[in-house]
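Undergrad: File name model.txt; file contents compact mmCIF, C-alpha atoms; full text below.
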# COMPACT_ATOMS: atom_id res chain seq x y z
CA MET K 1 5.05 89.75 -87.86
CA PRO K 2 2.30 87.20 -87.24
CA ASN K 3 -0.65 88.25 -85.11
CA PHE K 4 -0.78 85.62 -82.40
CA ASP K 5 -3.82 87.30 -80.82
CA ALA K 6 -5.76 85.87 -83.79
CA GLY K 7 -4.62 82.34 -83.06
CA VAL K 8 -6.61 79.39 -81.85
CA LEU K 9 -6.58 77.88 -78.40
CA CYS K 10 -5.84 74.27 -77.59
CA ASP K 11 -6.11 72.20 -74.46
CA ALA K 12 -2.39 71.80 -74.01
CA SER K 13 -1.50 75.47 -73.72
CA GLU K 14 -2.88 78.87 -72.90
CA ASP K 15 -0.96 80.33 -75.80
CA ARG K 16 -2.81 81.09 -78.97
CA LEU K 17 -1.49 79.12 -81.91
CA LEU K 18 -1.25 79.92 -85.59
CA PRO K 19 -1.11 77.35 -88.37
CA ALA K 20 2.25 77.10 -90.08
CA ILE K 21 2.59 75.43 -93.47
CA ALA K 22 5.91 73.90 -94.48
CA GLN K 23 6.48 73.80 -98.22
CA ASP K 24 9.49 72.22 -99.92
CA ALA K 25 11.56 75.13 -101.19
CA ASP K 26 12.65 73.26 -104.31
CA SER K 27 9.72 71.11 -105.39
CA GLY K 28 6.95 73.31 -104.03
CA ARG K 29 5.27 70.31 -102.46
CA VAL K 30 3.32 71.05 -99.30
CA LEU K 31 4.98 68.90 -96.66
CA MET K 32 2.95 69.43 -93.52
CA LEU K 33 0.95 71.79 -91.40
CA ALA K 34 1.84 72.33 -87.77
CA TRP K 35 1.26 75.03 -85.17
CA MET K 36 3.34 77.82 -83.71
CA ASN K 37 3.07 79.89 -80.61
CA LEU K 38 5.12 83.07 -80.28
CA GLU K 39 8.00 81.15 -78.72
CA ALA K 40 8.15 78.68 -81.62
CA TRP K 41 8.03 81.53 -84.12
CA THR K 42 10.81 83.42 -82.36
CA GLU K 43 13.08 80.38 -82.17
CA THR K 44 12.38 79.53 -85.81
CA MET K 45 13.35 83.03 -86.93
CA GLN K 46 16.44 83.10 -84.71
CA THR K 47 17.79 79.67 -85.61
CA GLY K 48 16.60 79.23 -89.21
CA ARG K 49 15.20 75.81 -88.32
CA ALA K 50 11.52 75.02 -88.08
CA VAL K 51 10.25 74.88 -84.52
CA TYR K 52 6.59 74.21 -83.85
CA PHE K 53 4.33 73.85 -80.83
CA SER K 54 3.09 70.30 -80.42
CA ARG K 55 -0.58 70.33 -79.49
CA SER K 56 -0.42 66.70 -78.38
CA ARG K 57 2.69 67.08 -76.25
CA GLY K 58 1.98 70.62 -75.10
CA LYS K 59 5.50 71.86 -75.69
CA LEU K 60 7.91 73.14 -78.30
CA TRP K 61 8.71 70.69 -81.04
CA ARG K 62 12.04 71.19 -82.75
CA LYS K 63 11.29 69.40 -85.98
CA GLY K 64 13.79 66.59 -86.44
CA GLU K 65 14.96 66.44 -82.83
CA THR K 66 14.00 62.74 -82.65
CA SER K 67 13.95 61.74 -86.30
CA GLY K 68 16.81 63.84 -87.63
CA HIS K 69 14.37 65.01 -90.28
CA GLN K 70 14.88 68.68 -89.71
CA GLN K 71 13.73 71.61 -91.80
CA ILE K 72 16.13 74.40 -92.73
CA VAL K 73 14.10 77.54 -93.34
CA ARG K 74 14.91 79.30 -96.59
CA SER K 75 12.18 81.94 -96.49
CA VAL K 76 9.09 82.89 -94.54
CA GLN K 77 5.82 84.49 -95.56
CA VAL K 78 2.72 85.56 -93.66
CA ASP K 79 -0.72 85.88 -95.14
CA CYS K 80 -2.91 88.93 -95.57
CA ASP K 81 -4.43 88.62 -92.11
CA ALA K 82 -1.06 87.73 -90.54
CA ASP K 83 -2.67 84.68 -88.99
CA THR K 84 -1.03 81.95 -91.08
CA ILE K 85 2.68 81.32 -91.57
CA LEU K 86 4.27 79.77 -94.65
CA LEU K 87 7.78 78.34 -94.41
CA HIS K 88 9.81 77.40 -97.47
CA VAL K 89 12.16 74.73 -96.23
CA ASP K 90 14.90 72.32 -97.14
CA GLN K 91 13.56 69.07 -95.72
CA THR K 92 15.98 66.40 -94.54
CA GLY K 93 14.54 62.91 -94.99
CA ALA K 94 10.80 62.42 -94.66
CA ALA K 95 8.59 65.23 -93.40
CA CYS K 96 5.95 62.81 -92.15
CA HIS K 97 6.28 60.67 -89.03
CA GLU K 98 4.74 57.84 -91.04
CA GLY K 99 7.78 57.85 -93.31
CA TYR K 100 6.34 59.61 -96.33
CA ALA K 101 7.94 62.59 -98.04
CA SER K 102 4.87 64.68 -97.21
CA CYS K 103 2.16 64.28 -94.60
CA PHE K 104 -0.30 64.69 -97.49
CA PHE K 105 0.19 61.23 -98.93
CA ARG K 106 -3.49 60.31 -99.02
CA SER K 107 -5.78 61.43 -101.81
CA VAL K 108 -9.52 61.65 -101.36
CA ASP K 109 -11.71 61.16 -104.39
CA ALA K 110 -15.13 62.70 -104.95
CA ASP K 111 -16.80 59.49 -103.79
CA GLY K 112 -14.92 59.69 -100.49
CA SER K 113 -12.51 56.85 -101.23
CA VAL K 114 -9.00 57.32 -99.88
CA ASP K 115 -5.92 56.22 -101.72
CA VAL K 116 -2.17 56.22 -101.06
CA ARG K 117 -0.34 56.91 -104.31
CA GLU K 118 3.29 57.00 -103.25
CA PRO K 119 5.80 54.83 -101.42
CA ARG K 120 7.22 55.44 -97.99
CA LEU K 121 10.68 56.98 -98.02
CA VAL K 122 11.68 55.44 -94.73
CA ASP K 123 10.36 52.89 -92.27
CA PRO K 124 9.08 54.75 -89.19
CA ALA K 125 10.38 51.92 -86.99
CA ASP K 126 13.90 52.76 -88.12
CA VAL K 127 13.47 56.39 -87.18
CA TYR K 128 11.41 56.35 -84.02
CA GLY K 129 11.88 52.74 -82.87
CA MET X 1 -12.14 61.41 -94.72
CA PRO X 2 -11.07 64.28 -92.46
CA ASN X 3 -11.50 63.88 -88.72
CA PHE X 4 -13.52 66.93 -87.72
CA ASP X 5 -13.49 65.82 -84.08
CA ALA X 6 -9.84 66.91 -84.08
CA GLY X 7 -10.73 70.40 -85.28
CA VAL X 8 -10.48 73.68 -83.46
CA LEU X 9 -13.31 75.73 -82.06
CA CYS X 10 -14.04 79.33 -82.89
CA ASP X 11 -16.40 81.90 -81.47
CA ALA X 12 -18.63 82.00 -84.52
CA SER X 13 -19.66 78.37 -84.52
CA GLU X 14 -19.99 75.30 -82.38
CA ASP X 15 -18.60 73.20 -85.21
CA ARG X 16 -15.03 72.10 -85.05
CA LEU X 17 -12.98 73.45 -87.91
CA LEU X 18 -10.00 72.04 -89.79
CA PRO X 19 -7.45 74.10 -91.68
CA ALA X 20 -7.66 73.76 -95.46
CA ILE X 21 -4.76 74.82 -97.65
CA ALA X 22 -5.42 75.84 -101.24
CA GLN X 23 -2.49 75.28 -103.56
CA ASP X 24 -2.41 76.28 -107.22
CA ALA X 25 -2.62 73.02 -109.15
CA ASP X 26 -0.33 74.26 -111.91
CA SER X 27 2.27 76.47 -110.28
CA GLY X 28 2.30 74.78 -106.87
CA ARG X 29 2.07 78.14 -105.16
CA VAL X 30 0.29 78.12 -101.82
CA LEU X 31 -2.62 80.50 -102.31
CA MET X 32 -4.36 80.69 -98.96
CA LEU X 33 -5.38 78.89 -95.82
CA ALA X 34 -8.99 78.86 -94.73
CA TRP X 35 -11.18 76.68 -92.54
CA MET X 36 -13.74 73.99 -93.16
CA ASN X 37 -16.47 72.47 -91.07
CA LEU X 38 -18.07 69.22 -92.15
CA GLU X 39 -20.68 71.06 -94.18
CA ALA X 40 -18.05 73.01 -96.12
CA TRP X 41 -16.10 69.82 -96.77
CA THR X 42 -19.19 68.00 -98.00
CA GLU X 43 -20.22 70.79 -100.34
CA THR X 44 -16.65 71.11 -101.66
CA MET X 45 -16.51 67.41 -102.47
CA GLN X 46 -19.97 67.41 -104.03
CA THR X 47 -19.57 70.50 -106.18
CA GLY X 48 -15.85 70.47 -106.99
CA ARG X 49 -15.60 74.10 -105.91
CA ALA X 50 -13.86 75.26 -102.76
CA VAL X 51 -16.26 76.10 -99.95
CA TYR X 52 -14.93 77.21 -96.60
CA PHE X 53 -16.35 78.25 -93.26
CA SER X 54 -15.75 81.92 -92.57
CA ARG X 55 -14.70 82.40 -88.96
CA SER X 56 -15.40 86.12 -89.15
CA ARG X 57 -18.84 85.80 -90.71
CA GLY X 58 -19.78 82.56 -88.97
CA LYS X 59 -21.17 80.92 -92.09
CA LEU X 60 -20.26 79.03 -95.21
CA TRP X 61 -18.09 80.92 -97.63
CA ARG X 62 -18.34 79.83 -101.22
CA LYS X 63 -15.01 81.15 -102.46
CA GLY X 64 -15.63 83.59 -105.28
CA GLU X 65 -19.30 84.22 -104.56
CA THR X 66 -18.62 87.96 -104.23
CA SER X 67 -15.37 88.38 -106.14
CA GLY X 68 -15.88 85.82 -108.89
CA HIS X 69 -12.47 84.47 -107.90
CA GLN X 70 -13.57 80.90 -107.47
CA GLN X 71 -11.46 77.80 -107.02
CA ILE X 72 -12.12 74.69 -109.08
CA VAL X 73 -10.87 71.70 -107.12
CA ARG X 74 -8.66 69.36 -109.12
CA SER X 75 -7.62 67.03 -106.30
CA VAL X 76 -7.82 66.72 -102.54
CA GLN X 77 -5.44 65.28 -99.98
CA VAL X 78 -5.61 64.82 -96.22
CA ASP X 79 -2.63 64.59 -93.94
CA CYS X 80 -1.45 61.71 -91.76
CA ASP X 81 -3.64 62.74 -88.82
CA ALA X 82 -6.59 63.54 -91.09
CA ASP X 83 -6.82 66.95 -89.47
CA THR X 84 -5.59 69.14 -92.32
CA ILE X 85 -6.98 69.33 -95.85
CA LEU X 86 -5.00 70.21 -98.96
CA LEU X 87 -6.84 71.32 -102.09
CA HIS X 88 -5.15 71.56 -105.47
CA VAL X 89 -7.14 74.17 -107.32
CA ASP X 90 -7.52 76.14 -110.50
CA GLN X 91 -7.77 79.68 -109.20
CA THR X 92 -9.76 82.25 -111.14
CA GLY X 93 -8.32 85.75 -110.67
CA ALA X 94 -6.67 86.65 -107.39
CA ALA X 95 -6.90 84.29 -104.42
CA CYS X 96 -6.41 87.12 -101.94
CA HIS X 97 -9.07 89.69 -101.06
CA GLU X 98 -6.30 92.29 -101.17
CA GLY X 99 -5.89 91.63 -104.87
CA TYR X 100 -2.72 89.55 -104.82
CA ALA X 101 -2.34 86.19 -106.54
CA SER X 102 -1.69 84.57 -103.16
CA CYS X 103 -2.53 85.62 -99.62
CA PHE X 104 1.14 84.99 -98.84
CA PHE X 105 2.45 88.10 -100.54
CA ARG X 106 4.47 89.35 -97.58
CA SER X 107 7.91 88.02 -96.78
CA VAL X 108 9.39 88.23 -93.31
CA ASP X 109 13.15 88.43 -92.98
CA ALA X 110 15.21 87.13 -90.08
CA ASP X 111 15.36 90.63 -88.59
CA GLY X 112 11.55 90.78 -88.57
CA SER X 113 11.22 93.23 -91.45
CA VAL X 114 8.28 92.66 -93.74
CA ASP X 115 8.41 93.16 -97.46
CA VAL X 116 5.95 92.91 -100.36
CA ARG X 117 7.77 91.54 -103.41
CA GLU X 118 5.02 91.28 -106.00
CA PRO X 119 2.39 93.48 -107.61
CA ARG X 120 -1.35 93.30 -107.06
CA LEU X 121 -3.20 91.47 -109.82
CA VAL X 122 -6.41 93.41 -109.31
CA ASP X 123 -7.61 96.44 -107.39
CA PRO X 124 -9.78 95.24 -104.50
CA ALA X 125 -12.07 98.25 -105.01
CA ASP X 126 -12.94 96.92 -108.45
CA VAL X 127 -13.88 93.53 -107.02
CA TYR X 128 -15.59 94.28 -103.74
CA GLY X 129 -16.45 97.99 -104.17
Could you express the structure from this file as structure tokens?

TA:
Amino acid sequence: MPNFDAGVLCDASEDRLLPAIAQDADSGRVLMLAWMNLEAWTETMQTGRAVYFSRSRGKLWRKGETSGHQQIVRSVQVDCDADTILLHVDQTGAACHEGYASCFFRSVDADGSVDVREPRLVDPADVYG
Amino acid sequence: MPNFDAGVLCDASEDRLLPAIAQDADSGRVLMLAWMNLEAWTETMQTGRAVYFSRSRGKLWRKGETSGHQQIVRSVQVDCDADTILLHVDQTGAACHEGYASCFFRSVDADGSVDVREPRLVDPADVYG
């Protein structure tokens, strides 16, 4: 069980939040990092679908509720300090709201230059427009 | 370049911190999540070795400085909001201070039960004792 007392605070909520990593259960690619409060964790475990707490919107974020790009949770791990959550998921569509398979679509080289090395899967305007 | 203005605060520092995920460059396994301030990021990019900011110790943490279990950084990605860092690393020894290959050695089932499904690689007493 995650230790939410060890979480971080944000302006949008008095709940402490823990980082939650979503990793593609098949490819192993890291798809995104989002945040969970206890309520998001509980709903995720009960429904088997990833639910996060949106720091910008200040409320629960059922991943895919707008985009359809939901995450079915295949397995869950917590780290040694029980203050980070790792979800292994089946991702529908693009994990990233910018239309990429993963939110980590930008590489940073040692000289600080930033590079996008993959195509978008979908046009965000088609999903959120 | 990560946006440290979007980071979280912690008691041990006035710097804002961003979560940094370390993923094994070969196996794809997620090894750990730690935190970076701008100084840790800069040193990581300059040296090619993972440097974090320890929230418990309130100072830079050059991964492996005590244990020898350092992380050579092969590539770096930032996410769409530039507020999470993903390192692909060559991990020496065990990533976890408890002696496991990954900090995520505990699985949580839907009923909340927690299970360790892998052996320790090393005895922590041999590393930190």

Undergrad: Find the spatial neighbours of stretch 8-22 of chain K, counting all atoms listed in the file, within a cut-off of 9 Å - ignore same-chain residues fewer than 4 positions away - and output them as a tab-separated table (two decimals) with C-alpha atoms, keeping the file's coordinate frame.

TA:
chain	number	residue	atom	x	y	z
K	2	PRO	CA	2.30	87.20	-87.24
K	3	ASN	CA	-0.65	88.25	-85.11
K	4	PHE	CA	-0.78	85.62	-82.40
K	29	ARG	CA	5.27	70.31	-102.46
K	30	VAL	CA	3.32	71.05	-99.30
K	31	LEU	CA	4.98	68.90	-96.66
K	32	MET	CA	2.95	69.43	-93.52
K	33	LEU	CA	0.95	71.79	-91.40
K	34	ALA	CA	1.84	72.33	-87.77
K	35	TRP	CA	1.26	75.03	-85.17
K	36	MET	CA	3.34	77.82	-83.71
K	37	ASN	CA	3.07	79.89	-80.61
K	38	LEU	CA	5.12	83.07	-80.28
K	50	ALA	CA	11.52	75.02	-88.08
K	52	TYR	CA	6.59	74.21	-83.85
K	53	PHE	CA	4.33	73.85	-80.83
K	54	SER	CA	3.09	70.30	-80.42
K	55	ARG	CA	-0.58	70.33	-79.49
K	56	SER	CA	-0.42	66.70	-78.38
K	57	ARG	CA	2.69	67.08	-76.25
K	58	GLY	CA	1.98	70.62	-75.10
K	59	LYS	CA	5.50	71.86	-75.69
K	71	GLN	CA	13.73	71.61	-91.80
K	83	ASP	CA	-2.67	84.68	-88.99
K	84	THR	CA	-1.03	81.95	-91.08
K	85	ILE	CA	2.68	81.32	-91.57
K	86	LEU	CA	4.27	79.77	-94.65
K	87	LEU	CA	7.78	78.34	-94.41
K	88	HIS	CA	9.81	77.40	-97.47
K	89	VAL	CA	12.16	74.73	-96.23
X	8	VAL	CA	-10.48	73.68	-83.46
X	9	LEU	CA	-13.31	75.73	-82.06
X	10	CYS	CA	-14.04	79.33	-82.89
X	19	PRO	CA	-7.45	74.10	-91.68
X	21	ILE	CA	-4.76	74.82	-97.65
X	33	LEU	CA	-5.38	78.89	-95.82

Undergrad: Have a look at K:Met45, K:Leu60, K:Ile72, K:Ala6 and name the one nearest to chain X; count all atoms listed in the file.

TA: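 Under the stated criterion, the closest residue is K:Met45.
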
Undergrad: Between K:Ala94, K:Gln77, K:Trp41, K:Tyr128, which is the closest to chain X once you count only C-alpha atoms?

TA: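 Ranked by minimum distance to chain X, first place goes to K:Gln77.
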
Undergrad: Show me, as a list in words, every residue of chain K with an atom at most 7 Å from chain X, counting all atoms listed in the file.

TA: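 The selection requested is Met1, Gly28, Arg29, Met45, Gln46, Val76, Gln77, Val78, Asp79, Cys80, Cys103, Phe104, Phe105, Arg106, Ser107, Val108, Ala110 and Gly112 of chain K.
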
Undergrad: If you measure from atom CA of X:Ala101 to atom CA of X:Val51, what distance in Å do you get, rounded to one decimal?

TA: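 Going from atom CA of X:Ala101 over to atom CA of X:Val51 covers 18.4 Å.
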
Undergrad: Rounded to one decimal place, report the atom CA of K:Lys63-atom CA of X:Asp24 distance in Å.

TA: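 Calculated distance between atom CA of K:Lys63 and atom CA of X:Asp24 is 26.2 Å.
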
Undergrad: As an exercise, work out the distance from atom CA of K:Gln70 to atom CA of K:Asp123 in Å and give it to one decimal place.

TA: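 Separation between atom CA of K:Gln70 and atom CA of K:Asp123: 16.6 Å.
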
Undergrad: Rank nothing, just name the residue among K:Asp5, K:Gly64, K:Asp26, K:Glu39 nearest to K:Val127, using all atoms listed in the file.

TA: K:Gly64

Undergrad: With only C-alpha atoms as the basis for distance, which of X:Ala25, X:Gly99, X:Arg117, X:Arg62 is at the shortest distance from X:Ala40?

TA: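 Using only C-alpha atoms, X:Ala40 sits closest to X:Arg62.
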